[in-house]
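Asker: I'm passing along coords.tsv; it holds TSV, C-alpha atoms.
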```tsv
chain	number	residue	atom	x	y	z
R	1	MET	CA	-65.69	-10.24	27.52
R	2	ASP	CA	-63.78	-6.98	27.94
R	3	LYS	CA	-60.50	-6.58	26.13
R	4	ILE	CA	-57.41	-4.79	27.43
R	5	SER	CA	-54.78	-3.51	25.00
R	6	ILE	CA	-51.26	-3.05	26.36
R	7	VAL	CA	-49.07	-0.69	24.33
R	8	VAL	CA	-45.34	-1.13	24.92
R	9	SER	CA	-42.81	1.17	23.25
R	10	CYS	CA	-39.44	-0.54	22.82
R	11	LEU	CA	-35.98	0.75	21.97
R	12	ASN	CA	-33.20	-1.80	22.39
R	13	GLU	CA	-35.05	-3.77	25.07
R	14	GLU	CA	-33.93	-7.30	24.14
R	15	ASP	CA	-33.14	-8.14	27.77
R	16	SER	CA	-36.33	-6.67	29.24
R	17	ILE	CA	-39.01	-7.97	26.86
R	18	PRO	CA	-38.97	-11.66	27.91
R	19	LEU	CA	-39.22	-10.63	31.58
R	20	PHE	CA	-41.98	-8.15	30.82
R	21	TYR	CA	-43.96	-10.70	28.79
R	22	LYS	CA	-43.70	-13.25	31.60
R	23	GLU	CA	-45.13	-10.80	34.12
R	24	ILE	CA	-47.94	-9.70	31.80
R	25	LYS	CA	-48.97	-13.31	31.18
R	26	LYS	CA	-49.19	-13.86	34.94
R	27	VAL	CA	-51.61	-10.95	35.15
R	28	SER	CA	-53.65	-11.96	32.09
R	29	ASN	CA	-53.98	-15.54	33.34
R	30	SER	CA	-55.29	-14.26	36.67
R	31	MET	CA	-58.02	-12.16	35.01
R	32	LYS	CA	-60.32	-14.88	33.73
R	33	ASN	CA	-63.07	-12.69	32.29
R	34	VAL	CA	-60.77	-10.39	30.32
R	35	THR	CA	-58.84	-10.91	27.08
R	36	PHE	CA	-55.54	-9.21	26.36
R	37	GLU	CA	-53.60	-7.96	23.36
R	38	ILE	CA	-50.00	-6.86	23.77
R	39	ILE	CA	-48.80	-4.37	21.14
R	40	PHE	CA	-45.02	-3.98	21.07
R	41	VAL	CA	-43.86	-0.92	19.12
R	42	ASP	CA	-40.25	-1.31	18.00
R	43	ASP	CA	-38.94	2.24	17.77
R	44	GLY	CA	-35.99	1.56	15.45
R	45	SER	CA	-34.08	-0.82	17.74
R	46	THR	CA	-30.60	-1.89	16.66
R	47	ASP	CA	-30.39	-5.05	18.81
R	48	ASN	CA	-32.52	-8.22	18.76
R	49	THR	CA	-35.66	-6.54	20.10
R	50	LEU	CA	-37.73	-7.14	16.97
R	51	SER	CA	-36.60	-10.76	16.61
R	52	ILE	CA	-37.63	-11.50	20.20
R	53	ILE	CA	-41.02	-9.84	19.67
R	54	LYS	CA	-41.60	-11.90	16.51
R	55	SER	CA	-40.74	-15.12	18.34
R	56	LEU	CA	-43.29	-14.24	21.04
R	57	ARG	CA	-45.91	-13.59	18.37
R	58	ASP	CA	-45.22	-17.01	16.82
R	59	GLU	CA	-46.08	-18.61	20.15
R	60	ASP	CA	-48.88	-16.26	21.26
R	61	LYS	CA	-51.34	-14.65	18.83
R	62	SER	CA	-52.36	-12.09	21.45
R	63	VAL	CA	-48.95	-10.51	20.79
R	64	ARG	CA	-48.89	-7.89	18.04
R	65	TYR	CA	-46.10	-5.64	16.89
R	66	ILE	CA	-45.30	-2.50	14.93
R	67	SER	CA	-41.80	-1.84	13.64
R	68	PHE	CA	-40.77	1.67	12.61
R	69	SER	CA	-38.48	2.43	9.68
R	70	ARG	CA	-36.20	4.30	12.12
R	71	ASN	CA	-36.24	5.78	15.60
R	72	PHE	CA	-39.12	8.28	15.81
R	73	GLY	CA	-39.17	8.61	19.60
R	74	LYS	CA	-41.32	7.32	22.42
R	75	GLU	CA	-44.15	9.79	21.76
R	76	ALA	CA	-44.56	8.53	18.19
R	77	ALA	CA	-44.39	4.92	19.42
R	78	MET	CA	-47.14	5.51	21.97
R	79	TYR	CA	-49.34	7.21	19.39
R	80	ALA	CA	-48.87	4.35	16.91
R	81	GLY	CA	-49.68	1.77	19.58
R	82	LEU	CA	-52.79	3.62	20.73
R	83	LYS	CA	-53.96	3.94	17.13
R	84	ALA	CA	-53.47	0.20	16.51
R	85	SER	CA	-55.17	-0.86	19.75
R	86	THR	CA	-58.60	-2.50	19.62
R	87	GLY	CA	-59.33	-3.00	23.33
R	88	ASP	CA	-62.19	-1.62	25.39
R	89	TYR	CA	-59.48	-0.50	27.79
R	90	VAL	CA	-55.96	0.58	26.83
R	91	THR	CA	-52.79	1.09	28.83
R	92	VAL	CA	-49.32	2.36	27.97
R	93	MET	CA	-46.36	0.66	29.65
R	94	ASP	CA	-42.56	0.51	29.57
R	95	ALA	CA	-40.86	-2.82	28.89
R	96	ASP	CA	-38.38	-2.37	31.76
R	97	LEU	CA	-41.03	-3.23	34.42
R	98	GLN	CA	-40.78	0.16	36.07
R	99	ASP	CA	-44.52	0.15	35.45
R	100	PRO	CA	-45.69	-2.77	37.65
R	101	PRO	CA	-48.11	-5.07	35.74
R	102	LYS	CA	-49.56	-6.27	39.07
R	103	LEU	CA	-51.48	-2.98	39.27
R	104	ILE	CA	-53.55	-3.72	36.15
R	105	PRO	CA	-56.26	-5.83	37.92
R	106	LYS	CA	-56.79	-3.07	40.49
R	107	MET	CA	-56.90	-0.43	37.73
R	108	TYR	CA	-59.47	-2.45	35.79
R	109	GLU	CA	-61.56	-2.90	38.93
R	110	TYR	CA	-61.71	0.86	39.54
R	111	LEU	CA	-62.82	1.51	35.94
R	112	THR	CA	-65.52	-1.16	35.93
R	113	LYS	CA	-66.90	-0.74	39.44
R	114	GLU	CA	-66.46	2.97	40.12
R	115	ASP	CA	-67.13	6.16	38.21
R	116	TYR	CA	-63.66	6.72	36.73
R	117	ASP	CA	-62.54	7.17	33.11
R	118	ILE	CA	-58.81	6.79	33.73
R	119	VAL	CA	-56.71	5.12	36.40
R	120	GLY	CA	-53.24	6.64	36.38
R	121	THR	CA	-50.10	5.87	38.35
R	122	ARG	CA	-47.62	8.15	40.03
R	123	ARG	CA	-44.38	7.60	41.85
R	124	VAL	CA	-44.33	9.00	45.36
R	125	THR	CA	-40.58	8.47	45.69
R	126	ARG	CA	-37.67	8.67	43.27
R	127	LYS	CA	-35.39	6.39	45.23
R	128	GLY	CA	-32.59	5.06	43.05
R	129	GLU	CA	-32.60	8.03	40.69
R	130	PRO	CA	-29.69	10.50	40.55
R	131	VAL	CA	-30.28	13.38	42.96
R	132	ILE	CA	-29.86	16.01	40.24
R	133	ARG	CA	-32.44	14.33	37.99
R	134	SER	CA	-34.96	14.10	40.82
R	135	MET	CA	-34.42	17.74	41.75
R	136	PHE	CA	-34.94	18.96	38.18
R	137	ALA	CA	-38.02	16.72	37.77
R	138	ARG	CA	-39.69	18.30	40.79
R	139	LEU	CA	-38.66	21.77	39.56
R	140	PHE	CA	-40.14	21.05	36.12
R	141	TYR	CA	-43.58	20.23	37.53
R	142	LYS	CA	-43.56	23.37	39.64
R	143	ILE	CA	-42.66	25.49	36.63
R	144	ILE	CA	-45.12	24.00	34.16
R	145	ASN	CA	-48.01	24.00	36.63
R	146	SER	CA	-47.37	27.65	37.40
R	147	MET	CA	-47.40	28.53	33.69
R	148	SER	CA	-50.01	26.18	32.21
R	149	ASP	CA	-53.81	26.24	32.49
R	150	ILE	CA	-53.90	22.46	32.97
R	151	GLU	CA	-52.51	20.60	35.98
R	152	MET	CA	-49.83	17.98	35.51
R	153	VAL	CA	-49.48	15.66	38.48
R	154	SER	CA	-45.95	15.42	39.85
R	155	GLY	CA	-44.52	11.93	39.50
R	156	ALA	CA	-47.22	10.85	37.06
R	157	ARG	CA	-46.28	8.02	34.71
R	158	ASP	CA	-47.52	7.35	31.19
R	159	PHE	CA	-48.72	4.04	32.66
R	160	ARG	CA	-52.48	4.43	32.97
R	161	LEU	CA	-55.54	2.37	32.05
R	162	MET	CA	-58.03	4.31	29.93
R	163	LYS	CA	-61.49	3.65	28.62
R	164	ARG	CA	-61.88	3.52	24.85
R	165	TYR	CA	-63.44	6.97	24.46
R	166	VAL	CA	-60.52	8.52	26.35
R	167	VAL	CA	-58.07	6.93	23.90
R	168	ASP	CA	-60.16	8.14	20.96
R	169	SER	CA	-60.05	11.70	22.31
R	170	ILE	CA	-56.25	11.51	22.58
R	171	LEU	CA	-55.95	10.13	19.05
R	172	SER	CA	-58.09	13.00	17.74
R	173	MET	CA	-55.14	15.32	18.49
R	174	LYS	CA	-52.80	14.63	15.60
R	175	GLU	CA	-50.14	17.21	16.34
R	176	TYR	CA	-46.59	16.37	15.27
R	177	ASN	CA	-44.89	17.67	18.41
R	178	ARG	CA	-46.46	15.46	21.07
R	179	TYR	CA	-46.14	15.57	24.84
R	180	SER	CA	-48.37	12.77	26.10
R	181	LYS	CA	-48.35	13.70	29.78
R	182	GLY	CA	-49.79	17.04	28.77
R	183	LEU	CA	-52.26	15.49	26.33
R	184	PHE	CA	-53.50	13.10	29.02
R	185	SER	CA	-54.17	16.09	31.27
R	186	PHE	CA	-55.63	18.20	28.47
R	187	VAL	CA	-58.42	15.76	27.57
R	188	GLY	CA	-59.59	15.78	31.17
R	189	PHE	CA	-61.93	13.00	32.36
R	190	LYS	CA	-62.24	11.68	35.90
R	191	THR	CA	-58.96	10.13	37.03
R	192	LYS	CA	-58.07	7.87	39.93
R	193	TRP	CA	-54.40	7.92	40.96
R	194	LEU	CA	-52.54	4.89	42.30
R	195	GLU	CA	-49.31	5.64	44.13
R	196	TYR	CA	-46.24	3.44	44.38
R	197	ASP	CA	-42.53	3.68	45.17
R	198	ASN	CA	-40.00	4.00	42.38
R	199	ILE	CA	-38.96	0.67	40.81
R	200	LYS	CA	-35.59	0.12	39.15
R	201	ARG	CA	-35.24	-1.32	35.67
R	202	VAL	CA	-35.10	-5.11	35.55
R	203	ALA	CA	-32.57	-5.11	32.69
R	204	GLY	CA	-30.83	-2.89	30.19
R	205	LYS	CA	-30.02	0.79	30.46
R	206	THR	CA	-32.27	3.82	30.41
R	207	LYS	CA	-32.51	5.64	27.07
R	208	TRP	CA	-33.25	8.92	28.81
R	209	SER	CA	-30.09	10.93	29.40
R	210	PHE	CA	-30.23	14.21	31.29
R	211	ILE	CA	-30.04	16.14	27.99
R	212	LYS	CA	-32.93	14.15	26.49
R	213	LEU	CA	-35.03	14.69	29.60
R	214	PHE	CA	-34.23	18.40	29.52
R	215	LYS	CA	-35.32	18.65	25.86
R	216	TYR	CA	-38.46	16.68	26.70
R	217	ALA	CA	-39.24	19.12	29.51
R	218	ILE	CA	-38.80	22.08	27.14
R	219	GLU	CA	-41.14	20.33	24.68
R	220	GLY	CA	-43.73	20.01	27.43
R	221	ILE	CA	-43.50	23.68	28.37
R	222	LEU	CA	-43.69	24.89	24.76
R	223	SER	CA	-46.60	22.56	23.99
R	224	PHE	CA	-48.87	23.61	26.84
R	225	THR	CA	-48.23	27.23	27.65
R	226	ILE	CA	-47.62	30.51	25.84
R	227	LYS	CA	-46.31	32.22	28.95
R	228	PRO	CA	-42.71	32.37	27.62
R	229	LEU	CA	-43.99	34.55	24.77
R	230	GLU	CA	-45.06	37.09	27.39
R	231	LEU	CA	-41.53	37.16	28.79
R	232	PRO	CA	-40.13	39.82	26.36
R	233	LEU	CA	-42.78	42.32	27.49
R	234	PHE	CA	-41.97	41.69	31.15
R	235	ILE	CA	-38.22	41.91	30.51
R	236	GLY	CA	-38.75	45.13	28.57
R	237	PHE	CA	-40.36	46.80	31.59
R	238	ILE	CA	-37.58	45.51	33.88
R	239	MET	CA	-34.91	46.80	31.50
R	240	GLU	CA	-36.52	50.23	31.43
R	241	LEU	CA	-36.65	50.26	35.22
R	242	ILE	CA	-33.00	49.26	35.53
R	243	THR	CA	-31.98	51.91	33.00
R	244	ILE	CA	-33.82	54.60	34.95
R	245	ILE	CA	-32.24	53.46	38.26
R	246	MET	CA	-28.75	53.45	36.72
R	247	PHE	CA	-29.36	56.94	35.33
R	248	ILE	CA	-30.47	58.20	38.76
R	249	ILE	CA	-27.36	56.62	40.39
R	250	ASN	CA	-25.16	58.42	37.85
R	251	ILE	CA	-26.87	61.72	38.65
R	252	ILE	CA	-26.40	61.16	42.41
R	253	ASN	CA	-22.71	60.35	41.86
R	254	LYS	CA	-22.44	63.40	39.58
R	255	PHE	CA	-21.44	61.09	36.71
R	256	ASN	CA	-18.19	60.09	38.46
R	257	ILE	CA	-18.75	56.46	37.36
R	258	SER	CA	-17.17	55.78	33.99
R	259	LEU	CA	-19.70	56.52	31.29
R	260	PHE	CA	-17.99	54.11	28.89
R	261	TYR	CA	-18.25	51.33	31.51
R	262	ASN	CA	-21.95	52.00	32.08
R	263	ILE	CA	-22.77	52.04	28.39
R	264	SER	CA	-20.76	48.87	27.68
R	265	LEU	CA	-22.40	46.98	30.54
R	266	LEU	CA	-25.85	48.14	29.49
R	267	ILE	CA	-25.32	47.13	25.85
R	268	LEU	CA	-24.05	43.70	26.90
R	269	PHE	CA	-26.97	43.19	29.26
R	270	ILE	CA	-29.58	44.22	26.71
R	271	SER	CA	-27.99	42.13	23.96
R	272	GLY	CA	-28.09	39.02	26.13
R	273	LEU	CA	-31.76	39.54	26.96
R	274	LEU	CA	-32.62	40.12	23.32
R	275	PHE	CA	-30.98	36.85	22.33
R	276	ILE	CA	-32.92	35.01	25.07
R	277	CYS	CA	-36.20	36.50	23.90
R	278	LEU	CA	-35.43	35.77	20.24
R	279	GLY	CA	-34.52	32.20	21.19
R	280	ILE	CA	-37.87	31.66	22.91
R	281	ILE	CA	-39.80	33.07	19.96
R	282	SER	CA	-37.71	30.99	17.55
R	283	LEU	CA	-38.63	27.79	19.39
R	284	TYR	CA	-42.34	28.52	18.98
R	285	ILE	CA	-41.86	29.40	15.31
R	286	ALA	CA	-39.90	26.15	14.81
R	287	LYS	CA	-42.74	24.12	16.34
R	288	ASP	CA	-45.25	25.83	14.05
R	289	TYR	CA	-42.93	25.20	11.10
R	290	LEU	CA	-42.83	21.47	11.83
R	291	GLU	CA	-46.61	21.31	12.24
R	292	ASP	CA	-47.14	23.11	8.91
R	293	LYS	CA	-45.03	20.55	7.09
R	294	ASN	CA	-47.70	17.98	7.99
R	295	ARG	CA	-45.18	15.15	7.99
R	296	PRO	CA	-46.26	11.76	9.36
R	297	ILE	CA	-45.68	11.24	13.06
R	298	TYR	CA	-44.08	7.87	12.25
R	299	ILE	CA	-43.43	5.52	9.33
R	300	ILE	CA	-44.17	1.82	9.71
R	301	LYS	CA	-41.80	-0.66	8.13
R	302	GLU	CA	-43.64	-3.76	9.30
R	303	MET	CA	-46.80	-4.49	11.26
R	304	ASP	CA	-47.87	-7.96	12.40
R	305	GLY	CA	-45.89	-9.59	9.62
R	306	LYS	CA	-47.12	-7.23	6.91
R	307	TYR	CA	-45.30	-4.31	5.32
R	308	GLU	CA	-46.95	-0.93	5.02
R	309	LYS	CA	-46.42	2.80	5.50
R	310	LYS	CA	-48.32	5.42	7.46
```
Let me see the file written as structure tokens.
Answerer:
Amino acid sequence: MDKISIVVSCLNEEDSIPLFYKEIKKVSNSMKNVTFEIIFVDDGSTDNTLSIIKSLRDEDKSVRYISFSRNFGKEAAMYAGLKASTGDYVTVMDADLQDPPKLIPKMYEYLTKEDYDIVGTRRVTRKGEPVIRSMFARLFYKIINSMSDIEMVSGARDFRLMKRYVVDSILSMKEYNRYSKGLFSFVGFKTKWLEYDNIKRVAGKTKWSFIKLFKYAIEGILSFTIKPLELPLFIGFIMELITIIMFIINIINKFNISLFYNISLLILFISGLLFICLGIISLYIAKDYLEDKNRPIYIIKEMDGKYEKK
């Protein structure tokens, strides 16, 4: 029998987990020739998330869990869950049911009956999301696809069912600064996309504020393109062109424009651009600095009732 591993990263999801588990059990009970394991990764929750997960494990041995020593972030939680998974097929899901479990049988069917390595999901609408967030999300995909050598599908979710060798290829990339959407695209493989309308959370509140999403977008850009490092060279040429044009204008006006004003404006303009360029370079250096430290991506406090560290 094939085995499907479901990796669920959790941060303060005490209200969502029972509802999520109920829906997953409906799906698993309907798939008679497949066994399931559900791996909850508690990413440093401060509510009763871990207690609820443990109570589910007491009743159902197909439930497993990993508890971090603190909050390491969703990327670390997904990596830990993928590493702990033992299934022939593995999927990553959110506990808030924005990733519909009812799609799993169809995803499994595509992987077993057709020539696909991954079945991914993407939202075709963002109904229910704030307009500003939706606008910036669409803008992000346009920017990163114009700058990166790999294509990232707009609206793509982390929710995807992958064959074992796909998961192994993702786990082979042990970088500290992780951006899974980019890693999923980087490894390649033949992918089938299932589309669905946006689904609201069943309970709780989103942990992704606009600032966190913005930082996550910056992480994605820095992780999968070096185009920003080419920006200083481009800006340098533009600055030289502007300087020449301003000098020609001054000659035409017989230097009637205040020289002090021109010099002050030029210094201010150049200084601002230099700070922008230095900031971009600093971000890349900071990422390299964190990678060189070789710190663990996460630290486990408890796993399936046992205590250990990784």
Asker: Give me, please, the distance in Å between atom CA of Thr191 of chain R and atom CA of Met31 of chain R, quoted to one decimal.
Answerer: 22.4 Å
Asker: So which residues touch Tyr298 of chain R within 10 Å, counting all atoms listed in the file, skipping near sequence neighbours fewer than 2 positions away, as a short mmCIF file (atom, residue, chain, number, x, y, z; two decimals) with C-alpha atoms, in the frame of the given file?
Answerer:
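This is the output file around_6.cif:
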```
data_model
loop_
_atom_site.label_atom_id
_atom_site.label_comp_id
_atom_site.auth_asym_id
_atom_site.auth_seq_id
_atom_site.Cartn_x
_atom_site.Cartn_y
_atom_site.Cartn_z
CA ASP R 43 -38.94 2.24 17.77
CA PHE R 68 -40.77 1.67 12.61
CA SER R 69 -38.48 2.43 9.68
CA ARG R 70 -36.20 4.30 12.12
CA ASN R 71 -36.24 5.78 15.60
CA PHE R 72 -39.12 8.28 15.81
CA GLY R 73 -39.17 8.61 19.60
CA GLU R 75 -44.15 9.79 21.76
CA ALA R 76 -44.56 8.53 18.19
CA ALA R 77 -44.39 4.92 19.42
CA TYR R 79 -49.34 7.21 19.39
CA ALA R 80 -48.87 4.35 16.91
CA TYR R 176 -46.59 16.37 15.27
CA ARG R 295 -45.18 15.15 7.99
CA PRO R 296 -46.26 11.76 9.36
CA ILE R 300 -44.17 1.82 9.71
CA LYS R 301 -41.80 -0.66 8.13
CA LYS R 309 -46.42 2.80 5.50
CA LYS R 310 -48.32 5.42 7.46
#
```
Asker: In the coordinates of the file, take the point (-48.2, 9.6, 42.0) and a cut-off of 6 Å; then, counting all atoms listed in the file, name each qualifying protein, DNA or RNA residue as a ChimeraX atom specification.
Answerer: /R:121-124,155-156,195
Asker: If you measure from atom CA of Leu97 of chain R to atom CA of Ile24 of chain R, what distance in Å do you get, rounded to one decimal?
Answerer: 9.8 Å
Asker: In Å, with one decimal, what is the gap from atom CA of Asp94 of chain R to atom CA of Lys163 of chain R?
Answerer: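 Atom CA of Asp94 of chain R sits 19.2 Å away from atom CA of Lys163 of chain R.
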Asker: Which is closer to Asp288 of chain R than all the others in R:Ser185, R:Asn177, R:Ser5, R:Thr49, using only C-alpha atoms?
Answerer: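 Going through R:Ser185, R:Asn177, R:Ser5, R:Thr49 one by one, the smallest distance to Asp288 of chain R is for R:Asn177.
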Asker: Set the distance at 12 Å and use all atoms listed in the file: which residues neighbour Val7 of chain R once local chain neighbours fewer than 2 positions away are removed? I'd like the list as a PyMOL selection string.
Answerer: chain R and resi 4-5+9-10+24+36-42+63-66+74-87+89-95+158-162+167
Asker: With only C-alpha atoms as the atoms that count, which of R:Lys25, R:Glu175, R:Thr46, R:Thr35 lies nearest to Lys102 of chain R?
Answerer: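 Among the listed residues, R:Lys25 lies closest to Lys102 of chain R.
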Asker: If the box runs along x, y and z of the file and leaves 5 Å on each side of segment 22-29 of chain R, what are its centre and edge lengths in Å, one decimal, as AutoDock Vina command-line options?
Answerer:
```
--center_x -48.8 --center_y -12.6 --center_z 33.2 --size_x 20.3 --size_y 15.8 --size_z 14.0
```
Asker: Using all atoms listed in the file, which protein or nucleic acid residues come within 9 Å of Val34 of chain R? Drop anything in the same chain fewer than 4 positions from it, and give the result as an NGL selection string.
Answerer: :R and (1-4 or 28)
Asker: Can those selected residues be exported to a file as a PDB file, in the coordinates of the input so that it contains C-alpha atoms?
Answerer:
```
ATOM      1  CA  MET R   1     -65.690 -10.240  27.520  1.00  0.00           C
ATOM      2  CA  ASP R   2     -63.780  -6.980  27.940  1.00  0.00           C
ATOM      3  CA  LYS R   3     -60.500  -6.580  26.130  1.00  0.00           C
ATOM      4  CA  ILE R   4     -57.410  -4.790  27.430  1.00  0.00           C
ATOM      5  CA  SER R  28     -53.650 -11.960  32.090  1.00  0.00           C
TER       6      SER R  28
END
```
Asker: Which of these residues is nearest to Asp115 of chain R, using all atoms listed in the file: R:Glu23, R:Lys192, R:Ile238, R:Ile248?
Answerer: R:Lys192
Asker: Given the choices R:Leu273, R:Ile104, R:Ile251, R:Ile297, which gets closest to Val27 of chain R if the distance is worked out from all atoms listed in the file?
Answerer: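 Of all the options, R:Ile104 lies closest to Val27 of chain R.
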